[in-house]
Amino acid sequence: MPSRPVLAAAVAYFAVAFGAGFVLGALREIVVAPRLGGLAAVALEVPIMLAIARIAAGALVRRFAVPAGIAPRLAMGGIAFVLLQIAEILLAASFGATPADYASGFLTAKGALGLAAQIVFAVLPVAVDRRG
């Protein structure tokens with residue numbers, strides 16, 4: 001079972017990513033996608049989201065003193081990733097989509113790019129240094 005600092009960091013990491021993703025996703029769908037298309041909009045959003053995730057991962061690793069080993073850092077990112085998937089499935093359900101509908105979105109180029117970014121998000125805590 002992950003330690004308390006790892007769990008706390010994971011929940012905070014998820015919250016930052018979900019909050020930023022919610023705001024950026026709304027802007028992407030309302031402002032950018034109608035002009036450039038869905039794939040281009042996601043391609044523009046991904047680097048911003050990953051920059052936010054990188055900054056958050058570093059800050060949270062330091063704030064919660066997550067140990068430098070690969071296992072605790074992967075646990076932090078993995079738990080945050082699972083929480084993110086659950087939240088996104090619930091958000092999709094609020095718009096009438098089923099979990100299968102949500103999962104099938106990953107079979108599109110736009111969805112695959114988003115999933116790839118989420119996987120990078122999950123492993124970013126391994127890449128950050130606790131000293132900053």
# chains A, B, ... in the order shown; residues from 1 in each chain; ligands from 1
>>> residues_around(residues="range 122-125 of chain A", least_positions_apart="4", cutoff="8 Å", atoms="only C-alpha atoms", output="list in words")
Ala53, Arg54, Ala57, Gly58, Val61, Arg73, Leu74, Met76, Gly77, Gly78, Ala80, Phe81 and Gln118 of chain A
>>> write_last_selection(atoms="N, CA, C and O atoms", output="PDB file, in the first residue's frame")
ATOM      1  N   ALA A  53       1.550  19.814 -15.803  1.00  0.00           N
ATOM      2  CA  ALA A  53       1.778  18.573 -15.055  1.00  0.00           C
ATOM      3  C   ALA A  53       3.215  18.488 -14.554  1.00  0.00           C
ATOM      4  O   ALA A  53       3.450  18.058 -13.414  1.00  0.00           O
ATOM      5  N   ARG A  54       4.168  18.902 -15.361  1.00  0.00           N
ATOM      6  CA  ARG A  54       5.586  18.859 -14.961  1.00  0.00           C
ATOM      7  C   ARG A  54       5.834  19.775 -13.770  1.00  0.00           C
ATOM      8  O   ARG A  54       6.495  19.407 -12.804  1.00  0.00           O
ATOM      9  N   ALA A  57       3.996  18.237 -10.753  1.00  0.00           N
ATOM     10  CA  ALA A  57       4.682  17.042 -10.242  1.00  0.00           C
ATOM     11  C   ALA A  57       5.876  17.434  -9.386  1.00  0.00           C
ATOM     12  O   ALA A  57       6.055  16.910  -8.279  1.00  0.00           O
ATOM     13  N   GLY A  58       6.678  18.356  -9.872  1.00  0.00           N
ATOM     14  CA  GLY A  58       7.843  18.799  -9.102  1.00  0.00           C
ATOM     15  C   GLY A  58       7.456  19.440  -7.787  1.00  0.00           C
ATOM     16  O   GLY A  58       8.024  19.135  -6.728  1.00  0.00           O
ATOM     17  N   VAL A  61       5.904  16.685  -5.407  1.00  0.00           N
ATOM     18  CA  VAL A  61       6.933  15.762  -4.901  1.00  0.00           C
ATOM     19  C   VAL A  61       7.674  16.425  -3.748  1.00  0.00           C
ATOM     20  O   VAL A  61       7.933  15.801  -2.716  1.00  0.00           O
ATOM     21  N   ARG A  73       7.232   7.080  -6.893  1.00  0.00           N
ATOM     22  CA  ARG A  73       6.897   8.092  -7.906  1.00  0.00           C
ATOM     23  C   ARG A  73       5.910   7.527  -8.929  1.00  0.00           C
ATOM     24  O   ARG A  73       4.988   8.216  -9.356  1.00  0.00           O
ATOM     25  N   LEU A  74       6.114   6.251  -9.329  1.00  0.00           N
ATOM     26  CA  LEU A  74       5.138   5.636 -10.245  1.00  0.00           C
ATOM     27  C   LEU A  74       3.793   5.449  -9.556  1.00  0.00           C
ATOM     28  O   LEU A  74       2.747   5.573 -10.192  1.00  0.00           O
ATOM     29  N   MET A  76       2.560   7.447  -7.283  1.00  0.00           N
ATOM     30  CA  MET A  76       1.944   8.781  -7.304  1.00  0.00           C
ATOM     31  C   MET A  76       1.285   9.040  -8.660  1.00  0.00           C
ATOM     32  O   MET A  76       0.120   9.418  -8.736  1.00  0.00           O
ATOM     33  N   GLY A  77       2.039   8.840  -9.730  1.00  0.00           N
ATOM     34  CA  GLY A  77       1.501   9.083 -11.066  1.00  0.00           C
ATOM     35  C   GLY A  77       0.420   8.099 -11.451  1.00  0.00           C
ATOM     36  O   GLY A  77      -0.577   8.475 -12.076  1.00  0.00           O
ATOM     37  N   GLY A  78       0.592   6.841 -11.083  1.00  0.00           N
ATOM     38  CA  GLY A  78      -0.399   5.818 -11.427  1.00  0.00           C
ATOM     39  C   GLY A  78      -1.732   6.032 -10.731  1.00  0.00           C
ATOM     40  O   GLY A  78      -2.790   5.902 -11.346  1.00  0.00           O
ATOM     41  N   ALA A  80      -2.828   8.910  -9.596  1.00  0.00           N
ATOM     42  CA  ALA A  80      -3.399  10.117 -10.202  1.00  0.00           C
ATOM     43  C   ALA A  80      -4.026   9.792 -11.555  1.00  0.00           C
ATOM     44  O   ALA A  80      -5.109  10.286 -11.887  1.00  0.00           O
ATOM     45  N   PHE A  81      -3.373   8.939 -12.339  1.00  0.00           N
ATOM     46  CA  PHE A  81      -3.899   8.527 -13.641  1.00  0.00           C
ATOM     47  C   PHE A  81      -5.233   7.796 -13.490  1.00  0.00           C
ATOM     48  O   PHE A  81      -6.186   8.080 -14.219  1.00  0.00           O
ATOM     49  N   GLN A 118      -1.772  11.512 -21.282  1.00  0.00           N
ATOM     50  CA  GLN A 118      -2.122  11.076 -19.934  1.00  0.00           C
ATOM     51  C   GLN A 118      -1.113  10.057 -19.407  1.00  0.00           C
ATOM     52  O   GLN A 118      -0.820  10.032 -18.208  1.00  0.00           O
TER      53      GLN A 118
END
>>> residues_around(residues="range 26-31 of chain A", least_positions_apart="4", cutoff="8 Å", atoms="only C-alpha atoms", output="list in words")
Phe22, Arg35, Gly38, Ala41, Val42 and Glu45 of chain A
>>> atom_distance(atom1="CA of Leu90 in chain A", atom2="CA of Gly111 in chain A")
16.8 Å
>>> atom_distance(atom1="CA of Val82 in chain A", atom2="CA of Gly37 in chain A")
28.0 Å
>>> closest_residue(among="A:Ala65, A:Leu60, A:Met49, A:Ala103", to="Glu88 in chain A", atoms="only C-alpha atoms")
A:Ala103
>>> select_by_dssp(residues="chain A", states="alpha helix (DSSP H)", output="PyMOL selection string")
chain A and resi 4-27+33-36+38-63+70-94+99-104+109-127
>>> closest_residue(among="A:Phe64, A:Phe18, A:Phe95, A:Phe121", to="Ser3 in chain A", atoms="only C-alpha atoms")
A:Phe64
>>> closest_residue(among="A:Gly25, A:Ile52, A:Ile70, A:Asp129", to="Gly114 in chain A", atoms="only C-alpha atoms")
A:Gly25
>>> atom_distance(atom1="CA of Val120 in chain A", atom2="CA of Arg63 in chain A")
21.0 Å
>>> residues_around(residues="Pro2 in chain A", least_positions_apart="6", cutoff="10 Å", atoms="only C-alpha atoms", output="list in words")
Ala8, Ala71, Pro72, Ala75, Met76 and Ile79 of chain A
>>> write_last_selection(atoms="C-alpha atoms", output="CSV table (one decimal), in the first residue's frame")
chain,number,residue,atom,x,y,z
A,8,ALA,CA,-1.7,12.8,-0.8
A,71,ALA,CA,8.1,2.8,-7.1
A,72,PRO,CA,6.7,5.7,-5.0
A,75,ALA,CA,2.6,5.0,-7.5
A,76,MET,CA,1.9,8.8,-7.3
A,79,ILE,CA,-2.9,6.6,-8.7
